[in-house]
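The structure under discussion appears below in the form of structure tokens.
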Amino acid sequence: KPSDTFDYTYDETYRPVFHFTPPYGWMNDPNGMVYHNGQYHLFYQHNPYGARWGNMHWGHAVSEDMVHWKHLPVALAPDELGAIFSGSAVVDKYNTAGFGEGAIVVFYTSAGQQQTQSIAYSLDNGRTFTKYAHNPVIPNPGIEDFRDPKVFWYAPQNKWIMSLATSQSITFYTSKNLKQWEKLSEFGENIGAHTGVWECPDLFPLIYDGKVKWVLFVSINPGGPNGGNATQYFIGDFDGTTFTPDPLPYPLWLDYGRDNYAGVTWSNIPESDGRRLFLGWMNNWDYGNVVPTRNFRSAMTLPRELRLAHNGLHMVVASFPVKEVGDEKDGTPIIMDKLTEETFPIGADYYNNGYVLSFTIKPNGLSIFDFALQNSKGEKIIFAFDTNQKTFVVDRSQSGLSDFSNNFAKPLIKAPLTKKDSYTIHMWVDKASTEVFINGGEVVQTNIAFPTEPYNQLKFDLRGNTAISVDNITLYKVKHN
Ligand code: FRU
């Protein structure tokens, strides 16, 4: 019975320490992320009966800091309209739906014979949900892929907006009462990557240079820059009806790594906080069902703050772990004051608890070097930094277990670099994951790996290039207790 499992977390080699995982069973997309009465809610695509995709429910957890989570019973279970696919949540402050002032209202895809959109509400801080009696609120217009509603309040026009993935486009709907929805516009037919199905949209504003820009996330599977799934985005303007993208070199990718998918942002973050907070599923449909964990699959990425930045060529959406995760300011670092090719030991208190590696590179002309996490069995994950090729490449072909899928080890995982005066690298490592952020997340690579013995060494390989300047090499424990 699902509700009996939530108070017990199966211990396993690859269960991370400071990333969210379901206590038992399968997890994919984050759903219904909303901040309410001092708690961050995280719902998620969940199979409470097994560690593979199927029987989709919404699992549920709450947190006060997005790092320490309390597991709660399953929030939504399948019904006669179908399984419960991905969706979102809002706080209905003005009781526009009539369910009650301050109700949490959730939107999800009912996945039965057809995909339709349904709603449910909670009047008890998200602890229990009542499904609306007249679901679905948006019937299927005759297309197969019609899902993942993400809703927000558009204050300038006093109305709700829903972004919905509709095959190869995003359709925007509007409503005054969350129950009746009307189509506004459709975006995306001739722009961006279209090699896979469009899923999990999110439209939200970010401030850049004192001006509001609108960002649209669209997850796509397959067709990511390095195979399988990934999240592309568009930057532009939104007038309450239509999203108009700026002319940028699309597709643009939030994360070039293989393992950050279907991520969206939290709703109802207080204005006094003002951050745009994100979380993604740290896995890939290419191999998600067979990664070598047993009682659970899999983890979420670290919670990240989104911002607009300039990469030297154009505007980008940068993402970086939230301060609550803990970083170098929290602990006493181990400092390597000189860049050498000697192996640098990583102690058990680091690899058992998770750590952050950081350093700054000043390219003196050519800057080509590798750094690797490795163990005594010769397993390693290699990060190759190359300002000549303008790439940052992750090689996990020898990273540990990989025979669970033909799709895991290869190919090389590439991200583009633009010209900068310096590059600061931050990498969070937590058992089976590496999340690398360059220059505050202008370029990101999130990749999972399954070493059969913890990586207990850091190794730089200068590839014969002595002119390079790499400074402030530090290793910090993540302080998460
Ligand atoms: C994305 C996705 C969504 C869907 C859900 C089903 O990973 O395919 O489009 O709602 O997963 O679990």
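Scheme for the structure tokens: letters A, B, ... for chains in order shown; per-chain residue numbers from 1; ligand numbers from 1 in order shown.
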
Where does chain A meet ligand 1 within 10 Å, residue by residue, with the nearest atom pair and distance in Å to one decimal for each, counting only C-alpha atoms and all ligand atoms, listed by chain and rising number, as a Markdown table?
| residue | atom | partner | partner_atom_place_in_ligand_line | distance |
| --- | --- | --- | --- | --- |
| A:Met27 | CA | ligand 1 | 12 (O) | 8.4 |
| A:Asn28 | CA | ligand 1 | 7 (O) | 6.2 |
| A:Asp29 | CA | ligand 1 | 7 (O) | 5.5 |
| A:Pro30 | CA | ligand 1 | 7 (O) | 9.1 |
| A:Asn31 | CA | ligand 1 | 10 (O) | 9.1 |
| A:Tyr44 | CA | ligand 1 | 12 (O) | 9.0 |
| A:Gln45 | CA | ligand 1 | 12 (O) | 5.6 |
| A:His46 | CA | ligand 1 | 12 (O) | 7.7 |
| A:Asn47 | CA | ligand 1 | 12 (O) | 9.2 |
| A:Trp53 | CA | ligand 1 | 12 (O) | 7.2 |
| A:Gly54 | CA | ligand 1 | 12 (O) | 7.7 |
| A:Asn55 | CA | ligand 1 | 12 (O) | 9.1 |
| A:Met56 | CA | ligand 1 | 12 (O) | 6.4 |
| A:His57 | CA | ligand 1 | 12 (O) | 8.8 |
| A:Trp58 | CA | ligand 1 | 12 (O) | 9.7 |
| A:Ala83 | CA | ligand 1 | 6 (C) | 8.9 |
| A:Ile84 | CA | ligand 1 | 10 (O) | 7.9 |
| A:Phe85 | CA | ligand 1 | 10 (O) | 4.1 |
| A:Ser86 | CA | ligand 1 | 10 (O) | 3.9 |
| A:Gly87 | CA | ligand 1 | 10 (O) | 7.1 |
| A:Tyr108 | CA | ligand 1 | 10 (O) | 8.1 |
| A:Thr109 | CA | ligand 1 | 10 (O) | 6.6 |
| A:Ser110 | CA | ligand 1 | 10 (O) | 9.0 |
| A:Ala111 | CA | ligand 1 | 10 (O) | 8.2 |
| A:Gln115 | CA | ligand 1 | 10 (O) | 9.4 |
| A:Asp145 | CA | ligand 1 | 9 (O) | 8.0 |
| A:Phe146 | CA | ligand 1 | 9 (O) | 8.5 |
| A:Arg147 | CA | ligand 1 | 10 (O) | 6.0 |
| A:Asp148 | CA | ligand 1 | 10 (O) | 5.3 |
| A:Pro149 | CA | ligand 1 | 10 (O) | 8.9 |
| A:Ala165 | CA | ligand 1 | 9 (O) | 7.9 |
| A:Val197 | CA | ligand 1 | 9 (O) | 8.3 |
| A:Trp198 | CA | ligand 1 | 9 (O) | 7.6 |
| A:Glu199 | CA | ligand 1 | 9 (O) | 4.6 |
| A:Cys200 | CA | ligand 1 | 9 (O) | 5.7 |
| A:Pro201 | CA | ligand 1 | 9 (O) | 9.3 |
| A:Ser219 | CA | ligand 1 | 1 (C) | 7.7 |
| A:Ile220 | CA | ligand 1 | 1 (C) | 8.4 |
| A:Asn221 | CA | ligand 1 | 7 (O) | 8.0 |
| A:Asn229 | CA | ligand 1 | 7 (O) | 8.5 |
| A:Ala230 | CA | ligand 1 | 7 (O) | 9.9 |
| A:Tyr261 | CA | ligand 1 | 7 (O) | 7.0 |
| A:Ala262 | CA | ligand 1 | 7 (O) | 5.6 |
| A:Gly263 | CA | ligand 1 | 7 (O) | 9.1 |
| A:Trp281 | CA | ligand 1 | 7 (O) | 8.2 |
| A:Asn283 | CA | ligand 1 | 7 (O) | 9.6 |
| A:Asn284 | CA | ligand 1 | 7 (O) | 8.6 |
| A:Trp285 | CA | ligand 1 | 7 (O) | 7.4 |

Every residue of segment 383-452 of chain A that DSSP places in strand (DSSP E or B), as a PyMOL selection string: chain A and resi 383-386+391-395+413-416+423-429+433-438+443-448

Expected file contents, prior selection, C-alpha atoms, as a short mmCIF file (atom, residue, chain, number, x, y, z; two decimals), in the first residue's frame:
data_model
loop_
_atom_site.label_atom_id
_atom_site.label_comp_id
_atom_site.auth_asym_id
_atom_site.auth_seq_id
_atom_site.Cartn_x
_atom_site.Cartn_y
_atom_site.Cartn_z
CA PHE A 383 35.68 16.81 -17.74
CA ALA A 384 37.56 18.35 -20.66
CA PHE A 385 37.83 22.10 -20.87
CA ASP A 386 38.95 23.49 -24.21
CA THR A 391 33.80 23.14 -25.72
CA PHE A 392 33.30 21.70 -22.29
CA VAL A 393 32.99 17.94 -22.69
CA VAL A 394 32.03 15.24 -20.20
CA ASP A 395 33.21 11.70 -20.85
CA ILE A 413 28.58 14.94 -23.79
CA LYS A 414 29.37 18.34 -25.27
CA ALA A 415 28.54 21.89 -24.26
CA PRO A 416 29.61 25.05 -26.11
CA TYR A 423 35.70 30.83 -16.29
CA THR A 424 34.65 29.85 -12.81
CA ILE A 425 33.66 26.23 -12.35
CA HIS A 426 31.45 24.90 -9.57
CA MET A 427 30.70 21.21 -9.45
CA TRP A 428 28.40 19.53 -6.90
CA VAL A 429 28.98 15.81 -6.43
CA SER A 433 25.64 12.70 -9.77
CA THR A 434 27.81 15.55 -11.02
CA GLU A 435 26.35 18.99 -11.68
CA VAL A 436 28.78 21.44 -13.26
CA PHE A 437 28.07 25.16 -13.52
CA ILE A 438 30.33 27.47 -15.53
CA VAL A 443 26.76 26.74 -19.24
CA VAL A 444 25.56 23.72 -17.27
CA GLN A 445 26.23 19.99 -17.46
CA THR A 446 24.28 17.60 -15.22
CA ASN A 447 25.28 13.97 -15.56
CA ILE A 448 24.75 10.90 -13.42
#

For the interface of segment 168-268 of chain A with segment 89-100 of chain A (cut-off 8 Å, counting only C-alpha atoms), please tabulate each contacting residue of segment 168-268 of chain A alongside its nearest pair of atoms and their separation in Å to one decimal, rows sorted by chain and increasing number, as JSON lines.
{"residue": "A:Lys176", "atom": "CA", "partner": "A:Thr96", "partner_atom": "CA", "distance": 6.8}
{"residue": "A:Asn177", "atom": "CA", "partner": "A:Ala97", "partner_atom": "CA", "distance": 4.5}
{"residue": "A:Leu178", "atom": "CA", "partner": "A:Ala97", "partner_atom": "CA", "distance": 5.7}
{"residue": "A:Lys179", "atom": "CA", "partner": "A:Ala97", "partner_atom": "CA", "distance": 6.9}
{"residue": "A:Ser267", "atom": "CA", "partner": "A:Val90", "partner_atom": "CA", "distance": 6.2}
{"residue": "A:Asn268", "atom": "CA", "partner": "A:Val91", "partner_atom": "CA", "distance": 6.8}

Dump as a PDB file, in the first residue's frame, selection limited to C-alpha atoms:
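So the final result, stored in part.pdb, reads:
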ATOM      1  CA  LYS A 176     -11.007  33.628 -15.055  1.00  0.00           C
ATOM      2  CA  ASN A 177     -12.068  30.781 -12.748  1.00  0.00           C
ATOM      3  CA  LEU A 178      -9.644  27.894 -13.386  1.00  0.00           C
ATOM      4  CA  LYS A 179     -12.537  25.757 -14.636  1.00  0.00           C
ATOM      5  CA  SER A 267       4.798  29.139  -8.226  1.00  0.00           C
ATOM      6  CA  ASN A 268       3.751  31.582  -5.507  1.00  0.00           C
TER       7      ASN A 268
END

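Each of A:Leu302, A:Ile361, A:Ile170, A:Leu401 was checked against Ser469 of chain A using only C-alpha atoms; the smallest atom-to-atom distance is that of A:Ile361.
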
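For segment 311-315 of chain A, the list of residues within 7 Å, based on only C-alpha atoms and with local chain neighbours fewer than 3 positions off taken out, reads Leu308, Thr418, Lys419, Lys420 and Glu442 of chain A.
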
Could you save those same residues with all heavy atoms as a PDB file, in the first residue's frame?
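Output saved as again.pdb:
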ATOM      1  N   LEU A 308      18.655  35.710 -16.052  1.00  0.00           N
ATOM      2  CA  LEU A 308      19.118  35.987 -17.407  1.00  0.00           C
ATOM      3  C   LEU A 308      20.529  36.531 -17.327  1.00  0.00           C
ATOM      4  O   LEU A 308      20.864  37.304 -16.434  1.00  0.00           O
ATOM      5  CB  LEU A 308      18.184  36.998 -18.083  1.00  0.00           C
ATOM      6  CG  LEU A 308      16.804  36.446 -18.453  1.00  0.00           C
ATOM      7  CD1 LEU A 308      15.887  37.564 -18.928  1.00  0.00           C
ATOM      8  CD2 LEU A 308      16.909  35.355 -19.518  1.00  0.00           C
ATOM      9  N   THR A 418      31.624  30.108 -24.766  1.00  0.00           N
ATOM     10  CA  THR A 418      31.894  31.339 -25.501  1.00  0.00           C
ATOM     11  C   THR A 418      33.110  32.012 -24.881  1.00  0.00           C
ATOM     12  O   THR A 418      33.549  31.647 -23.793  1.00  0.00           O
ATOM     13  CB  THR A 418      30.683  32.294 -25.464  1.00  0.00           C
ATOM     14  OG1 THR A 418      30.324  32.501 -24.105  1.00  0.00           O
ATOM     15  CG2 THR A 418      29.507  31.705 -26.221  1.00  0.00           C
ATOM     16  N   LYS A 419      33.632  33.017 -25.564  1.00  0.00           N
ATOM     17  CA  LYS A 419      34.865  33.672 -25.127  1.00  0.00           C
ATOM     18  C   LYS A 419      34.591  34.530 -23.881  1.00  0.00           C
ATOM     19  O   LYS A 419      33.681  35.356 -23.882  1.00  0.00           O
ATOM     20  CB  LYS A 419      35.366  34.568 -26.258  1.00  0.00           C
ATOM     21  CG  LYS A 419      36.816  34.960 -26.142  1.00  0.00           C
ATOM     22  CD  LYS A 419      37.240  35.623 -27.453  1.00  0.00           C
ATOM     23  CE  LYS A 419      38.639  36.211 -27.432  1.00  0.00           C
ATOM     24  NZ  LYS A 419      39.258  36.554 -26.199  1.00  0.00           N
ATOM     25  N   LYS A 420      35.363  34.292 -22.867  1.00  0.00           N
ATOM     26  CA  LYS A 420      35.237  35.066 -21.629  1.00  0.00           C
ATOM     27  C   LYS A 420      36.632  35.328 -21.073  1.00  0.00           C
ATOM     28  O   LYS A 420      37.578  34.597 -21.386  1.00  0.00           O
ATOM     29  CB  LYS A 420      34.438  34.260 -20.587  1.00  0.00           C
ATOM     30  CG  LYS A 420      32.962  34.084 -20.927  1.00  0.00           C
ATOM     31  CD  LYS A 420      32.116  35.091 -20.167  1.00  0.00           C
ATOM     32  CE  LYS A 420      30.766  35.287 -20.800  1.00  0.00           C
ATOM     33  NZ  LYS A 420      29.809  35.946 -19.910  1.00  0.00           N
ATOM     34  N   GLU A 442      25.922  29.831 -16.728  1.00  0.00           N
ATOM     35  CA  GLU A 442      25.667  30.206 -18.125  1.00  0.00           C
ATOM     36  C   GLU A 442      25.772  28.965 -19.007  1.00  0.00           C
ATOM     37  O   GLU A 442      25.130  28.858 -20.047  1.00  0.00           O
ATOM     38  CB  GLU A 442      26.670  31.258 -18.596  1.00  0.00           C
ATOM     39  CG  GLU A 442      26.423  32.608 -17.971  1.00  0.00           C
ATOM     40  CD  GLU A 442      27.515  33.607 -18.288  1.00  0.00           C
ATOM     41  OE1 GLU A 442      28.346  33.347 -19.192  1.00  0.00           O
ATOM     42  OE2 GLU A 442      27.546  34.657 -17.623  1.00  0.00           O
TER      43      GLU A 442
END

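Among the candidates A:Phe20, A:Tyr14, A:Phe129, A:Tyr455, the one nearest to Thr293 of chain A when counting only C-alpha atoms is A:Tyr14.
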
Could you state the separation of atom CA of Gly227 of chain A and atom CA of Lys377 of chain A in Å, given to one decimal place? 28.0 Å

Report the distance between atom CA of Asp471 of chain A and atom CA of Pro321 of chain A in Å, rounded to one decimal place. 21.7 Å

Give me the residues within 10 Å of Asn190 of chain A as a ChimeraX atom specification, counting only C-alpha atoms and dropping any in the same chain fewer than 4 places off. /A:168-169,194

Considering only helix (DSSP H, G or I) as DSSP defines it on the backbone, what residues of segment 121-342 of chain A qualify? List them as a VMD selection string. chain A and resid 155 to 157 288 to 290 323 to 325 328 to 330

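The closest residue to Val317 of chain A, picked from A:Asn439, A:Ser405, A:Asn352, A:Thr241 and counting only C-alpha atoms, is A:Asn439.
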
Hey, which bits of segment 244-355 of chain A sit within 10 Å of segment 363-374 of chain A, and for each residue what's the closest pair of atoms and how far apart in Å (one decimal), counting only C-alpha atoms, rows by chain and increasing number, as JSON lines?
{"residue": "A:Glu341", "atom": "CA", "partner": "A:Phe371", "partner_atom": "CA", "distance": 9.4}
{"residue": "A:Thr343", "atom": "CA", "partner": "A:Gln374", "partner_atom": "CA", "distance": 9.4}
{"residue": "A:Phe344", "atom": "CA", "partner": "A:Leu373", "partner_atom": "CA", "distance": 9.7}
{"residue": "A:Pro345", "atom": "CA", "partner": "A:Gln374", "partner_atom": "CA", "distance": 9.8}
{"residue": "A:Ile346", "atom": "CA", "partner": "A:Leu373", "partner_atom": "CA", "distance": 9.1}

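For the choices A:Ala432, A:Ala318, A:Val137, A:Val470, the atom-to-atom distance to Pro292 of chain A is smallest for A:Ala432 when using only C-alpha atoms.
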
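Among the candidates A:Gln114, A:Ser88, A:Ser298, A:Asn260, the one nearest to Val151 of chain A when counting only C-alpha atoms is A:Ser88.
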
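Every protein or nucleic acid residue with an atom no more than 6 Å from Val218 of chain A, counting only C-alpha atoms and leaving out same-chain residues fewer than 5 positions away, appears here: Pro201, Thr231, Gln232 and Tyr233 of chain A.
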
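If you measure from each of A:Gly188, A:Gly240, A:Pro222, A:Gly126 to Phe204 of chain A using only C-alpha atoms, the closest one turns out to be A:Gly240.
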
Neighbouring residues of Gly354 of chain A were defined as those with any atom within 8 Å, considering only C-alpha atoms; residues of the same chain fewer than 4 positions away were excluded. Please report them as a CSV table (one decimal) with C-alpha atoms, in the first residue's frame.
chain,number,residue,atom,x,y,z
A,17,VAL,CA,22.5,12.6,0.4
A,18,PHE,CA,21.2,16.1,-0.5
A,350,TYR,CA,33.6,14.3,1.4
A,428,TRP,CA,28.4,19.5,-6.9
A,429,VAL,CA,29.0,15.8,-6.4
A,430,ASP,CA,26.5,13.6,-4.5
A,431,LYS,CA,27.1,9.9,-4.8
A,477,LYS,CA,31.9,19.7,2.1
A,478,VAL,CA,28.3,20.5,1.4
